[in-house]
There are 2 protein chains.
Amino acid sequence: MSEKRKQRGPGRPRDPAKLEAILDGAYTLFLRHGVPATTMEQVAERASVSKMTVYKNFPDKPALLAAVFERKIKTMHLPELLAVGEDLDVSLEHLAKFGEIIVSACSEPEVLRMSRLMAQCADEHPRLAATFYTAGRGESVRRLATFLKNLTDRGFLSIDDTKLAAEQLFAAWLGLIEHRLNLGVGAPPSADAIAKRVRYAIETMMRAWSTDTNARGASKARLKRLRRVGV
Amino acid sequence: MSEKRKQRGPGRPRDPAKLEAILDGAYTLFLRHGVPATTMEQVAERASVSKMTVYKNFPDKPALLAAVFERKIKTMHLPELLAVGEDLDVSLEHLAKFGEIIVSACSEPEVLRMSRLMAQCADEHPRLAATFYTAGRGESVRRLATFLKNLTDRGFLSIDDTKLAAEQLFAAWLGLIEHRLNLGVGAPPSADAIAKRVRYAIETMMRAWSTDTNARGASKARLKRLRRVGV
DNA sequence: TATTTACTAGACGATATAGTCCATAAATGT
DNA sequence: ACATTTATGGACTATATCGTCTAGTAAATA
């Protein structure tokens, strides 16, 4: 990311706090005003550091941008593992919680801006953009698919293409929220609204692919429970 | 959009072709390189026009951008109306075609770039961004909801919140395609892949909410037909 | 024909930004 | 003590873009 020091030598050591401050400031400014509209002087000032210090740490602006991206991707973490529970009800409740966390996170302005920024820079930094995808929604959908596969293997569901089903479930959770927020239409959904969306999508999936076909009533009871919990 | 001429006066009239060329060139350049990286001189050169002509038509860069947006929104049109058919099969086939057109359009690089550009400029041009949403996916989902409402009224479906169902169906069609393409991950899906995605999402919805519960077999036959057609 | 407006080509001023240079001070290892 | 490296702040260069201005030409109306 920054410059290398040949191991340990004499001389004043770098101040890691300054580097952090630079990365923090650059991150904020890049998100707020975009890359072209952010000047190196602004970055330096926001980090309470001289411009030369910025250039000591990063050869140029693209390098700074790449470092900011890399750090953000590294500190990006998904909600705790999506685990299946002992019985179906517990599993579905885990699933709903997972979905709510995802949708809530994707509605945050910072996440929205980061996603847009990455898309803007995908041409110049294809590797980083791909890593961003893999570490974010790619991994989420992978876990979702594993989850659905597990329920299928245990006989609760009869889903053939779990990868596709997982992606569509994920997308249904989000709906057009991201698109709307990106265009400044409407406000981020409330926790209740998120819960409703997430659970409705799960309900649709369960009604469609649950193996519990002839016991529709039981299934309905479960879904009703799902609807109640946590709202 | 441009400047006004007080009705009819003496003097050389403006060349509408030049104005068109300016808007075309600006549109292309804005999409390709972004707004800040596009200079007025580039726009002029691409339109084979002198820079002063550009400034005669538009007071400044933001005005040009707004004009480009407005024109694009105006010439933006959705696929022909989504009409319900005589029986359910025909209706579902219409629905599938509609979905395929939508997903196909949203996978085009130009559309992707336009959407990103709009999002970038939503802060400066909130009205245009909102119009863009309304004329695009907003209207699509509205039509979808009407469609589902109609099938529900006719007793084929039992969907309560047709607005939410429509949005989730739309989102499921697209999946993470847009997100991936924006990040340069993967390639646009083939027509076959699109058809598969669209029809799988419809199948899920029908299995979940069709009123034809005790005749699961008949329902299955219909869905099988749906899967065959057009692939 | 006279007037008015559109268009061209280039020069121009104002402004802003990327990135460098330099002299000096501070912090560290030998 | 001394060499070495980081950090500072300011001056500095080079470049680029916005938007204006000018002078001349073309095309329309009255």
# chains A, B, ... in the order shown; residues from 1 in each chain; ligands from 1
$ residues_around --residues "B:Ile194" --least-positions-apart "3" --cutoff "8 Å" --atoms "only C-alpha atoms (C1' of nucleotides)" --output "PDB file with N, CA and C atoms, in the first residue's frame"
ATOM      1  N   GLU B 100     -37.897 -10.698 -19.483  1.00  0.00           N
ATOM      2  CA  GLU B 100     -36.682 -10.904 -20.277  1.00  0.00           C
ATOM      3  C   GLU B 100     -36.219  -9.600 -20.909  1.00  0.00           C
ATOM      4  N   VAL B 103     -34.624  -7.443 -18.059  1.00  0.00           N
ATOM      5  CA  VAL B 103     -33.299  -7.896 -17.628  1.00  0.00           C
ATOM      6  C   VAL B 103     -32.279  -7.670 -18.733  1.00  0.00           C
ATOM      7  N   SER B 104     -32.696  -7.948 -19.945  1.00  0.00           N
ATOM      8  CA  SER B 104     -31.788  -7.733 -21.064  1.00  0.00           C
ATOM      9  C   SER B 104     -31.377  -6.266 -21.160  1.00  0.00           C
ATOM     10  N   PRO B 189     -25.362 -11.706 -19.094  1.00  0.00           N
ATOM     11  CA  PRO B 189     -25.917 -13.049 -19.286  1.00  0.00           C
ATOM     12  C   PRO B 189     -26.435 -13.234 -20.703  1.00  0.00           C
ATOM     13  N   SER B 190     -26.381 -14.452 -21.172  1.00  0.00           N
ATOM     14  CA  SER B 190     -26.935 -14.769 -22.495  1.00  0.00           C
ATOM     15  C   SER B 190     -28.457 -14.721 -22.430  1.00  0.00           C
ATOM     16  N   ALA B 191     -29.066 -14.726 -23.611  1.00  0.00           N
ATOM     17  CA  ALA B 191     -30.528 -14.708 -23.659  1.00  0.00           C
ATOM     18  C   ALA B 191     -31.101 -15.931 -22.950  1.00  0.00           C
ATOM     19  N   ARG B 197     -33.455 -17.377 -15.599  1.00  0.00           N
ATOM     20  CA  ARG B 197     -33.625 -16.599 -14.367  1.00  0.00           C
ATOM     21  C   ARG B 197     -35.045 -16.087 -14.231  1.00  0.00           C
ATOM     22  N   VAL B 198     -35.513 -15.456 -15.300  1.00  0.00           N
ATOM     23  CA  VAL B 198     -36.836 -14.836 -15.256  1.00  0.00           C
ATOM     24  C   VAL B 198     -37.906 -15.880 -14.964  1.00  0.00           C
TER      25      VAL B 198
END
$ select_by_dssp --residues "stretch 18-123 of chain A" --states "alpha helix (DSSP H)" --output "ChimeraX atom specification"
/A:18-33,40-46,51-57,61-74,88-106,109-121
$ interface_residues --of "chain B" --to "chain A" --cutoff "9 Å" --atoms "only C-alpha atoms" --output "VMD selection string"
chain B and resid 34 36 to 37 115 to 116 118 to 123 126 129 to 130 132 to 133 137 to 138 164 to 165 167 to 176 179 to 185 197 200 to 201 203 to 209 214
$ residues_around --residues "stretch 1-18 of chain D" --least-positions-apart "5" --cutoff "10 Å" --atoms "only C-alpha atoms (C1' of nucleotides)" --output "MDAnalysis selection string"
(chainID A and resid 9:15 49:53 56) or (chainID B and resid 38:41 60:61) or (chainID C and resid 14:22 24:30)
$ interface_residues --of "chain D" --to "chain B" --cutoff "8 Å" --atoms "only C-alpha atoms (C1' of nucleotides)" --output "PyMOL selection string"
chain D and resi 17+27-30
$ write_last_selection --atoms "N, CA and C atoms (P, O5', C5', C4', C3', O3' and C1' of nucleotides)" --output "JSON list (two decimals), in the first residue's frame"
[["chain", "number", "residue", "atom", "x", "y", "z"],
["D", 17, "DT", "P", -8.20, 19.17, -19.68],
["D", 17, "DT", "O5'", -9.45, 20.04, -19.22],
["D", 17, "DT", "C5'", -9.79, 20.07, -17.84],
["D", 17, "DT", "C4'", -10.46, 21.37, -17.51],
["D", 17, "DT", "C3'", -11.44, 21.83, -18.58],
["D", 17, "DT", "O3'", -12.75, 21.83, -18.04],
["D", 17, "DT", "C1'", -10.07, 23.63, -17.82],
["D", 27, "DA", "P", -23.89, 29.94, -45.74],
["D", 27, "DA", "O5'", -25.25, 30.45, -45.09],
["D", 27, "DA", "C5'", -25.69, 29.90, -43.85],
["D", 27, "DA", "C4'", -26.82, 30.71, -43.29],
["D", 27, "DA", "C3'", -27.98, 30.96, -44.27],
["D", 27, "DA", "O3'", -29.20, 30.66, -43.62],
["D", 27, "DA", "C1'", -27.28, 32.99, -43.30],
["D", 28, "DA", "P", -30.44, 30.09, -44.50],
["D", 28, "DA", "O5'", -31.52, 31.26, -44.30],
["D", 28, "DA", "C5'", -32.46, 31.20, -43.26],
["D", 28, "DA", "C4'", -32.55, 32.54, -42.56],
["D", 28, "DA", "C3'", -33.56, 33.54, -43.14],
["D", 28, "DA", "O3'", -34.86, 33.24, -42.63],
["D", 28, "DA", "C1'", -31.55, 34.61, -42.33],
["D", 29, "DT", "P", -36.12, 33.98, -43.29],
["D", 29, "DT", "O5'", -36.10, 35.42, -42.60],
["D", 29, "DT", "C5'", -36.31, 35.56, -41.20],
["D", 29, "DT", "C4'", -36.30, 37.03, -40.83],
["D", 29, "DT", "C3'", -37.41, 37.85, -41.46],
["D", 29, "DT", "O3'", -37.95, 38.74, -40.49],
["D", 29, "DT", "C1'", -35.31, 38.80, -42.01],
["D", 30, "DA", "P", -39.36, 39.40, -40.81],
["D", 30, "DA", "O5'", -38.91, 40.90, -41.18],
["D", 30, "DA", "C5'", -38.22, 41.67, -40.20],
["D", 30, "DA", "C4'", -37.84, 43.02, -40.79],
["D", 30, "DA", "C3'", -38.96, 43.72, -41.57],
["D", 30, "DA", "O3'", -39.01, 45.10, -41.24],
["D", 30, "DA", "C1'", -37.05, 43.50, -42.94]]
$ residues_around --residues "D:DC21" --least-positions-apart "4" --cutoff "12 Å" --atoms "only C-alpha atoms (C1' of nucleotides)" --output "ChimeraX atom specification"
/B:52 /C:10-13
$ write_last_selection --atoms "N, CA and C atoms (P, O5', C5', C4', C3', O3' and C1' of nucleotides)" --output "PDB file, in the first residue's frame"
ATOM      1  N   MET B  52     -17.689  27.971 -28.860  1.00  0.00           N
ATOM      2  CA  MET B  52     -18.637  29.055 -28.621  1.00  0.00           C
ATOM      3  C   MET B  52     -20.072  28.640 -28.948  1.00  0.00           C
TER       4      MET B  52
ATOM      5  P    DG C  10      -7.627  27.142 -35.348  1.00  0.00           P
ATOM      6  O5'  DG C  10      -7.088  28.277 -34.367  1.00  0.00           O
ATOM      7  C5'  DG C  10      -6.855  29.581 -34.881  1.00  0.00           C
ATOM      8  C4'  DG C  10      -6.878  30.585 -33.746  1.00  0.00           C
ATOM      9  C3'  DG C  10      -6.041  30.185 -32.526  1.00  0.00           C
ATOM     10  O3'  DG C  10      -4.898  31.013 -32.448  1.00  0.00           O
ATOM     11  C1'  DG C  10      -8.146  31.140 -31.908  1.00  0.00           C
ATOM     12  P    DA C  11      -3.792  30.769 -31.290  1.00  0.00           P
ATOM     13  O5'  DA C  11      -4.020  32.056 -30.376  1.00  0.00           O
ATOM     14  C5'  DA C  11      -4.382  33.303 -30.976  1.00  0.00           C
ATOM     15  C4'  DA C  11      -4.927  34.233 -29.900  1.00  0.00           C
ATOM     16  C3'  DA C  11      -4.113  34.245 -28.608  1.00  0.00           C
ATOM     17  O3'  DA C  11      -3.955  35.583 -28.156  1.00  0.00           O
ATOM     18  C1'  DA C  11      -6.376  33.738 -28.135  1.00  0.00           C
ATOM     19  P    DC C  12      -2.899  35.921 -26.993  1.00  0.00           P
ATOM     20  O5'  DC C  12      -3.823  36.187 -25.723  1.00  0.00           O
ATOM     21  C5'  DC C  12      -5.094  36.799 -25.900  1.00  0.00           C
ATOM     22  C4'  DC C  12      -5.903  36.630 -24.632  1.00  0.00           C
ATOM     23  C3'  DC C  12      -5.067  36.430 -23.367  1.00  0.00           C
ATOM     24  O3'  DC C  12      -5.223  37.558 -22.523  1.00  0.00           O
ATOM     25  C1'  DC C  12      -6.943  34.939 -23.469  1.00  0.00           C
ATOM     26  P    DG C  13      -4.275  37.616 -21.203  1.00  0.00           P
ATOM     27  O5'  DG C  13      -5.352  37.344 -20.056  1.00  0.00           O
ATOM     28  C5'  DG C  13      -6.555  38.107 -20.016  1.00  0.00           C
ATOM     29  C4'  DG C  13      -7.422  37.636 -18.856  1.00  0.00           C
ATOM     30  C3'  DG C  13      -6.689  37.515 -17.526  1.00  0.00           C
ATOM     31  O3'  DG C  13      -7.550  37.938 -16.481  1.00  0.00           O
ATOM     32  C1'  DG C  13      -7.507  35.381 -18.194  1.00  0.00           C
TER      33       DG C  13
END
$ interface_residues --of "chain C" --to "chain B" --cutoff "10 Å" --atoms "only C-alpha atoms (C1' of nucleotides)" --output "ChimeraX atom specification"
/C:3-9
$ residues_around --residues "stretch 16-26 of chain A" --least-positions-apart "3" --cutoff "6 Å" --atoms "only C-alpha atoms (C1' of nucleotides)" --output "PyMOL selection string"
chain A and resi 29-30+43+46-47+68
$ write_last_selection --atoms "C-alpha atoms" --output "mmCIF file, in the first residue's frame"
data_model
loop_
_atom_site.group_PDB
_atom_site.id
_atom_site.type_symbol
_atom_site.label_atom_id
_atom_site.label_comp_id
_atom_site.auth_asym_id
_atom_site.auth_seq_id
_atom_site.Cartn_x
_atom_site.Cartn_y
_atom_site.Cartn_z
ATOM 1 C CA LEU A 29 -13.538 12.816 1.219
ATOM 2 C CA PHE A 30 -13.615 10.309 -1.603
ATOM 3 C CA VAL A 43 -6.721 15.127 2.270
ATOM 4 C CA ARG A 46 -8.217 16.796 6.954
ATOM 5 C CA ALA A 47 -5.521 14.511 8.330
ATOM 6 C CA VAL A 68 -8.100 3.349 0.802
#
$ atom_distance --atom1 "atom CA of B:Pro79" --atom2 "atom CA of B:Thr152"
22.9 Å
$ atom_distance --atom1 "atom CA of A:Thr146" --atom2 "atom CA of A:Arg199"
19.1 Å
$ residues_around --residues "A:Gly155" --least-positions-apart "5" --cutoff "12 Å" --atoms "only C-alpha atoms (C1' of nucleotides)" --output "MDAnalysis selection string"
chainID A and resid 87:88 148:150 209:212
